[in-house]
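**Q** I'm passing along input-v9.txt; it holds compact mmCIF, C-alpha atoms.
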```txt
# COMPACT_ATOMS: atom_id res chain seq x y z
CA MET A 1 82.44 4.73 -50.02
CA THR A 2 79.02 5.73 -48.78
CA SER A 3 75.77 5.29 -50.63
CA ASP A 4 75.21 9.04 -50.59
CA HIS A 5 78.37 9.23 -52.57
CA ALA A 6 77.67 6.27 -54.75
CA ALA A 7 73.93 6.03 -55.23
CA THR A 8 73.78 9.38 -56.93
CA SER A 9 76.10 8.12 -59.67
CA MET A 10 75.71 4.40 -60.36
CA THR A 11 78.07 4.36 -63.32
CA GLY A 12 80.53 1.89 -64.82
CA ASP A 13 83.42 3.18 -62.67
CA HIS A 14 81.37 2.48 -59.61
CA ALA A 15 80.78 -1.11 -60.71
CA VAL A 16 84.56 -1.67 -60.53
CA ASP A 17 84.62 0.03 -57.14
CA ILE A 18 81.79 -2.18 -55.89
CA ASP A 19 83.66 -5.29 -57.07
CA LYS A 20 86.49 -4.33 -54.69
CA HIS A 21 84.00 -3.86 -51.90
CA VAL A 22 82.44 -7.25 -52.51
CA ARG A 23 85.85 -8.89 -52.08
CA VAL A 24 86.19 -7.06 -48.74
CA TYR A 25 82.72 -8.26 -47.67
CA ILE A 26 83.69 -11.87 -48.35
CA THR A 27 86.96 -11.47 -46.40
CA VAL A 28 85.09 -9.94 -43.45
CA PHE A 29 82.54 -12.76 -43.58
CA VAL A 30 85.32 -15.38 -43.32
CA ALA A 31 86.95 -13.44 -40.46
CA LEU A 32 83.62 -13.29 -38.58
CA MET A 33 83.15 -17.05 -38.97
CA VAL A 34 86.66 -17.77 -37.70
CA LEU A 35 86.17 -15.45 -34.72
CA THR A 36 82.84 -17.14 -33.91
CA VAL A 37 84.65 -20.48 -33.75
CA VAL A 38 87.34 -18.86 -31.58
CA THR A 39 84.69 -17.48 -29.19
CA VAL A 40 83.08 -20.90 -28.70
CA ALA A 41 86.44 -22.73 -28.50
CA VAL A 42 87.83 -20.38 -25.83
CA SER A 43 84.71 -20.84 -23.71
CA ARG A 44 85.43 -24.60 -23.56
CA PHE A 45 88.60 -23.95 -21.54
CA HIS A 46 86.55 -22.71 -18.56
CA PHE A 47 88.94 -19.89 -17.66
CA PRO A 48 88.31 -17.91 -14.46
CA VAL A 49 85.42 -15.47 -14.94
CA PRO A 50 87.50 -12.24 -15.29
CA ILE A 51 89.71 -13.80 -18.00
CA ALA A 52 86.74 -15.44 -19.76
CA VAL A 53 84.81 -12.15 -19.77
CA SER A 54 87.83 -10.21 -21.06
CA VAL A 55 88.56 -12.66 -23.89
CA ALA A 56 84.89 -12.94 -24.91
CA LEU A 57 84.41 -9.18 -24.95
CA ILE A 58 87.64 -8.55 -26.87
CA VAL A 59 86.66 -11.05 -29.57
CA ALA A 60 83.08 -9.68 -29.67
CA THR A 61 84.43 -6.12 -29.98
CA ILE A 62 86.65 -7.13 -32.92
CA LYS A 63 83.67 -8.82 -34.60
CA GLY A 64 81.43 -5.83 -33.91
CA ALA A 65 84.06 -3.45 -35.29
CA LEU A 66 84.31 -5.51 -38.49
CA VAL A 67 80.53 -5.37 -38.98
CA ALA A 68 80.35 -1.64 -38.21
CA CYS A 69 83.39 -0.63 -40.27
CA TYR A 70 82.77 -2.68 -43.41
CA PHE A 71 79.14 -3.82 -43.60
CA MET A 72 77.88 -0.50 -42.20
CA HIS A 73 80.53 1.45 -44.16
CA LEU A 74 81.80 3.33 -41.12
CA VAL A 75 85.35 3.29 -42.49
CA SER A 76 84.34 6.00 -44.95
CA GLU A 77 81.44 7.92 -43.43
CA LYS A 78 80.77 11.62 -43.18
CA LYS A 79 81.84 13.66 -40.16
CA LEU A 80 78.30 14.21 -38.92
CA ILE A 81 77.77 10.45 -38.51
CA TYR A 82 81.03 10.18 -36.56
CA ALA A 83 79.89 13.06 -34.34
CA VAL A 84 76.56 11.35 -33.63
CA LEU A 85 78.33 8.10 -32.81
CA ALA A 86 80.97 9.79 -30.62
CA LEU A 87 78.16 11.28 -28.52
CA THR A 88 76.46 7.89 -28.38
CA VAL A 89 79.68 6.23 -27.19
CA VAL A 90 80.06 8.79 -24.37
CA PHE A 91 76.52 8.13 -23.11
CA PHE A 92 76.89 4.38 -23.58
CA ILE A 93 80.07 4.34 -21.47
CA ALA A 94 78.27 6.36 -18.77
CA LEU A 95 75.41 3.86 -18.87
CA ILE A 96 77.71 0.87 -18.43
CA ALA A 97 79.93 2.65 -15.88
CA LEU A 98 76.94 3.33 -13.63
CA PRO A 99 76.40 -0.28 -12.46
CA VAL A 100 80.16 -0.94 -12.41
CA PHE A 101 80.73 1.95 -9.99
CA THR A 102 77.69 0.95 -7.97
CA VAL A 103 79.06 -2.55 -7.54
CA SER A 104 82.59 -1.39 -6.65
CA ASP A 105 81.06 1.02 -4.15
CA GLY A 106 79.20 -1.91 -2.62
CA TYR A 107 82.43 -3.85 -2.19
CA TRP A 108 84.05 -0.84 -0.59
CA ILE A 109 81.19 -0.60 1.94
CA ALA A 110 81.42 -4.33 2.63
CA GLU A 111 85.10 -3.99 3.47
CA MET B 1 54.90 17.58 -51.27
CA GLU B 2 58.07 15.75 -52.19
CA ILE B 3 60.35 14.59 -49.38
CA PRO B 4 63.60 16.60 -49.62
CA TYR B 5 67.10 15.13 -49.81
CA THR B 6 66.15 11.52 -50.47
CA VAL B 7 68.46 11.26 -53.46
CA GLU B 8 70.69 14.32 -53.51
CA VAL B 9 72.79 15.06 -50.45
CA ARG B 10 72.43 18.18 -48.33
CA ARG B 11 75.33 20.57 -48.82
CA ASP B 12 75.74 21.27 -45.11
CA THR B 13 75.81 17.64 -43.94
CA GLY B 14 77.01 15.87 -47.06
CA LEU B 15 74.32 13.25 -46.39
CA THR B 16 70.79 12.39 -47.38
CA ASN B 17 68.17 12.94 -44.69
CA GLY B 18 67.36 9.24 -44.59
CA LYS B 19 70.97 8.41 -43.75
CA ILE B 20 71.07 10.85 -40.82
CA GLY B 21 67.68 9.60 -39.67
CA ILE B 22 68.66 5.93 -39.54
CA TRP B 23 71.91 6.68 -37.69
CA LEU B 24 70.08 8.78 -35.09
CA PHE B 25 67.61 5.93 -34.67
CA LEU B 26 70.47 3.45 -34.25
CA ALA B 27 72.03 5.74 -31.64
CA SER B 28 68.79 5.50 -29.64
CA GLU B 29 68.87 1.73 -30.10
CA VAL B 30 72.40 1.61 -28.65
CA MET B 31 71.05 3.31 -25.54
CA LEU B 32 68.08 0.91 -25.35
CA PHE B 33 70.24 -2.20 -25.45
CA GLY B 34 72.91 -0.43 -23.38
CA ALA B 35 70.39 0.05 -20.57
CA LEU B 36 69.59 -3.68 -20.65
CA PHE B 37 73.27 -4.65 -20.70
CA ALA B 38 73.81 -2.33 -17.70
CA SER B 39 70.90 -4.08 -15.95
CA TYR B 40 72.51 -7.42 -16.73
CA ILE B 41 75.83 -6.31 -15.17
CA LEU B 42 74.04 -5.00 -12.09
CA ILE B 43 71.94 -8.12 -11.60
CA ARG B 44 74.84 -10.51 -12.24
CA THR B 45 77.40 -8.78 -10.04
CA GLY B 46 74.84 -8.28 -7.29
CA ALA B 47 73.83 -11.95 -7.22
CA PRO B 48 75.41 -14.28 -4.63
CA SER B 49 75.86 -16.87 -7.40
CA TRP B 50 75.32 -16.86 -11.13
CA PRO B 51 75.05 -19.88 -13.46
CA ARG B 52 77.30 -20.26 -16.50
CA GLY B 53 75.16 -19.76 -19.57
CA ASP B 54 76.23 -23.05 -21.13
CA THR B 55 74.83 -25.01 -18.18
CA LEU B 56 71.30 -23.75 -18.88
CA LEU B 57 71.26 -22.76 -22.55
CA ASP B 58 71.84 -24.61 -25.81
CA VAL B 59 75.24 -23.38 -27.07
CA PRO B 60 75.28 -25.39 -30.36
CA LEU B 61 71.88 -23.96 -31.37
CA ALA B 62 73.00 -20.44 -30.48
CA THR B 63 76.23 -20.95 -32.45
CA VAL B 64 74.19 -21.96 -35.48
CA ASN B 65 72.07 -18.85 -34.97
CA THR B 66 75.22 -16.71 -34.83
CA ILE B 67 76.39 -18.17 -38.14
CA VAL B 68 72.91 -17.65 -39.63
CA LEU B 69 72.79 -14.00 -38.58
CA ILE B 70 76.32 -13.24 -39.79
CA SER B 71 75.44 -14.89 -43.12
CA SER B 72 72.32 -12.73 -43.33
CA SER B 73 74.46 -9.61 -42.86
CA VAL B 74 76.59 -10.64 -45.84
CA THR B 75 73.57 -11.31 -48.05
CA MET B 76 72.10 -7.96 -46.97
CA VAL B 77 75.18 -6.01 -47.97
CA MET B 78 75.38 -8.03 -51.21
CA ALA B 79 71.76 -7.08 -51.95
CA TRP B 80 72.75 -3.43 -51.71
CA ALA B 81 75.89 -4.03 -53.81
CA SER B 82 73.71 -5.70 -56.46
CA LEU B 83 71.59 -2.55 -56.74
CA MET B 84 74.76 -0.48 -57.04
CA ARG B 85 75.70 -2.70 -59.99
CA ARG B 86 72.17 -2.24 -61.37
CA ARG B 87 71.42 -5.96 -61.11
CA PHE B 88 67.88 -6.04 -59.79
CA GLY B 89 67.45 -9.81 -60.22
CA THR B 90 70.52 -10.51 -58.10
CA PHE B 91 69.25 -8.02 -55.51
CA ARG B 92 66.03 -10.03 -55.21
CA ILE B 93 67.99 -13.26 -54.64
CA TYR B 94 70.21 -11.77 -51.93
CA MET B 95 67.37 -9.92 -50.23
CA GLY B 96 65.26 -13.09 -50.30
CA ALA B 97 68.15 -14.99 -48.72
CA THR B 98 68.43 -12.32 -46.00
CA ILE B 99 64.74 -12.68 -45.16
CA LEU B 100 65.07 -16.49 -45.12
CA PHE B 101 68.08 -16.32 -42.79
CA GLY B 102 66.06 -14.09 -40.49
CA LEU B 103 63.25 -16.63 -40.53
CA VAL B 104 65.66 -19.49 -39.74
CA PHE B 105 67.01 -17.45 -36.80
CA LEU B 106 63.52 -16.96 -35.38
CA VAL B 107 62.52 -20.59 -35.90
CA ILE B 108 65.63 -21.74 -33.99
CA LYS B 109 64.80 -19.21 -31.29
CA TYR B 110 61.26 -20.62 -31.13
CA PHE B 111 62.65 -24.12 -30.53
CA GLU B 112 64.94 -22.77 -27.82
CA TYR B 113 62.11 -20.95 -26.07
CA SER B 114 59.67 -23.86 -26.33
CA HIS B 115 62.28 -26.22 -24.85
CA HIS B 116 62.76 -23.94 -21.84
CA LEU B 117 59.03 -23.37 -21.40
CA HIS B 118 58.44 -27.12 -21.60
CA LEU B 119 60.87 -27.56 -18.70
CA GLY B 120 59.00 -24.89 -16.74
CA GLU B 121 61.89 -22.42 -17.09
CA LEU B 122 59.98 -19.13 -17.15
CA PRO B 123 61.20 -15.54 -16.87
CA SER B 124 59.94 -15.60 -13.30
CA THR B 125 62.03 -18.69 -12.43
CA ASN B 126 65.24 -16.76 -11.71
CA ASN B 127 67.12 -13.58 -12.61
CA PHE B 128 69.26 -15.32 -15.23
CA LEU B 129 66.21 -16.47 -17.19
CA ALA B 130 64.49 -13.11 -16.68
CA ILE B 131 67.35 -11.18 -18.31
CA TYR B 132 67.81 -13.94 -20.92
CA TYR B 133 64.18 -13.71 -22.07
CA THR B 134 64.22 -9.90 -21.95
CA LEU B 135 67.40 -9.46 -24.01
CA THR B 136 66.79 -12.23 -26.53
CA GLY B 137 63.07 -11.37 -26.77
CA LEU B 138 63.77 -7.72 -27.57
CA HIS B 139 66.45 -8.78 -30.04
CA GLY B 140 64.03 -11.24 -31.66
CA LEU B 141 61.48 -8.46 -32.09
CA HIS B 142 64.15 -6.44 -33.87
CA VAL B 143 64.88 -9.37 -36.19
CA PHE B 144 61.16 -9.63 -36.95
CA GLY B 145 60.88 -5.87 -37.60
CA GLY B 146 63.88 -5.96 -39.91
CA MET B 147 62.36 -8.89 -41.79
CA VAL B 148 59.10 -6.99 -42.33
CA VAL B 149 60.95 -3.98 -43.78
CA ASN B 150 63.20 -6.20 -45.94
CA ALA B 151 60.16 -8.13 -47.18
CA TYR B 152 58.55 -4.83 -48.16
CA PHE B 153 61.62 -3.87 -50.22
CA TRP B 154 61.75 -7.37 -51.73
CA GLY B 155 58.06 -7.18 -52.70
CA PRO B 156 55.76 -4.16 -53.10
CA GLY B 157 58.40 -1.54 -52.20
CA ALA B 158 60.59 -2.67 -55.10
CA LYS B 159 58.31 -0.77 -57.51
CA LEU B 160 60.36 2.30 -56.65
CA TRP B 161 63.33 0.77 -58.48
CA LYS B 162 61.59 1.42 -61.81
CA THR B 163 60.84 5.09 -61.14
CA ASN B 164 63.72 6.15 -58.87
CA PRO B 165 66.52 3.57 -58.58
CA VAL B 166 68.85 5.82 -56.59
CA TRP B 167 66.25 6.47 -53.91
CA PHE B 168 65.42 2.76 -53.76
CA THR B 169 69.13 1.91 -53.38
CA ASN B 170 69.44 4.41 -50.54
CA ARG B 171 66.40 2.96 -48.79
CA VAL B 172 67.82 -0.54 -49.04
CA GLU B 173 71.10 0.67 -47.57
CA HIS B 174 69.26 2.25 -44.62
CA SER B 175 67.34 -0.95 -44.05
CA GLY B 176 70.68 -2.78 -44.22
CA LEU B 177 72.19 -0.52 -41.56
CA PHE B 178 69.40 -1.56 -39.19
CA TRP B 179 69.89 -5.22 -40.08
CA HIS B 180 73.66 -5.05 -39.45
CA PHE B 181 72.98 -3.37 -36.12
CA VAL B 182 70.72 -6.29 -35.13
CA ASP B 183 73.59 -8.63 -36.08
CA LEU B 184 76.02 -6.51 -34.05
CA VAL B 185 73.82 -6.73 -30.94
CA TRP B 186 73.68 -10.52 -31.27
CA ILE B 187 77.49 -10.66 -31.55
CA PHE B 188 77.59 -9.30 -27.97
CA LEU B 189 74.52 -11.15 -26.68
CA PHE B 190 75.83 -14.56 -27.71
CA PRO B 191 78.95 -14.71 -25.50
CA THR B 192 77.35 -12.67 -22.71
CA LEU B 193 74.36 -14.96 -22.23
CA TYR B 194 75.47 -18.34 -23.56
CA LEU B 195 79.19 -18.65 -22.86
CA LEU B 196 80.02 -16.73 -19.69
```
What does the file become when written as structure tokens?
**A**
Amino acid sequence: MTSDHAATSMTGDHAVDIDKHVRVYITVFVALMVLTVVTVAVSRFHFPVPIAVSVALIVATIKGALVACYFMHLVSEKKLIYAVLALTVVFFIALIALPVFTVSDGYWIAE
Amino acid sequence: MEIPYTVEVRRDTGLTNGKIGIWLFLASEVMLFGALFASYILIRTGAPSWPRGDTLLDVPLATVNTIVLISSSVTMVMAWASLMRRRFGTFRIYMGATILFGLVFLVIKYFEYSHHLHLGELPSTNNFLAIYYTLTGLHGLHVFGGMVVNAYFWGPGAKLWKTNPVWFTNRVEHSGLFWHFVDLVWIFLFPTLYLL
């Protein structure tokens, strides 16, 4: 449910709907706390850097997805918002890929 | 002149203008932090050696800050949910808690910074500290900005609730979207800087 949907009709039915959402928020909050503990605990094992980076980023991505989907209501947004975000993701990947390719190119030259 | 589509949604987009506006702004914010994360990758992979974050930074303090910021996200969304239930008093409590959590985050950050500065660990000391101060400093400014906006809605801006509760609820949700984004950025900053 988005606010554009809901804020225009704050009725009794919506109160019941919001109660369901509040339960989801609490569940997500607990999940985020558990994943924070997992993130810190895994770092104590001192895995090799590639494994440590992979695990940390996977856990962070799950946490980020929980925040975006439920707290930011992306699970039930309008198409235009998804379109804006899809474009953002494309440019973000290009931005991150740039240094990654630069570095791999450097290794190739070094070889 | 009245601002259009603050309460009713546009037929073509199905959204209020404020909602589209905040998401476009957040898209630009993704690119801002994305550029800094890209810089971090470039600097780190290009360096002959790179320290583990936990050898230089205070992980327990940063863990507390992570918990504080996640808690603030929950109180923020609960503030919005309170308005949806037409409980203005509860909204004030949750919004006040969100602002307080933000303040706690910044106070902890202040202690972290002052500890490093006391040891002579400046941004100019090495590349790790340079990117650490840049990323956490920019993030801290975002926390401060979010607090200012939230404080406005907690205080003088709340007058709108009496005249136009739907518009006020929408504005609080937009402010919340920014706040959750700030939390989301920290979720990635924390392991990147402190644990790896």
**Q** What is the atom CA of Phe128 of chain B-atom CA of Leu193 of chain B distance in Å, reported with one decimal?
**A**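 For atom CA of Phe128 of chain B relative to atom CA of Leu193 of chain B, the distance reads 8.7 Å.
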**Q** Compute the set of chain A residues within 8 Å of chain B, using only C-alpha atoms, and express it as a PyMOL selection string.
**A** chain A and resi 3-4+6-8+10+14-15+18+22+25-26+29+32-33+36+39-40+43+49+52-53+56-57+60-61+63-64+67-68+71-72+78+80-81+84-85+88+91-92+95-96+98-100+103
**Q** Atom CA of Ile93 of chain A and atom CA of Pro48 of chain B are how many Å apart?
**A**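 Those two atoms sit 25.5 Å apart.
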**Q** Give me, please, the distance in Å between atom CA of Thr90 of chain B and atom CA of His21 of chain A, quoted to one decimal.
**A** 16.3 Å
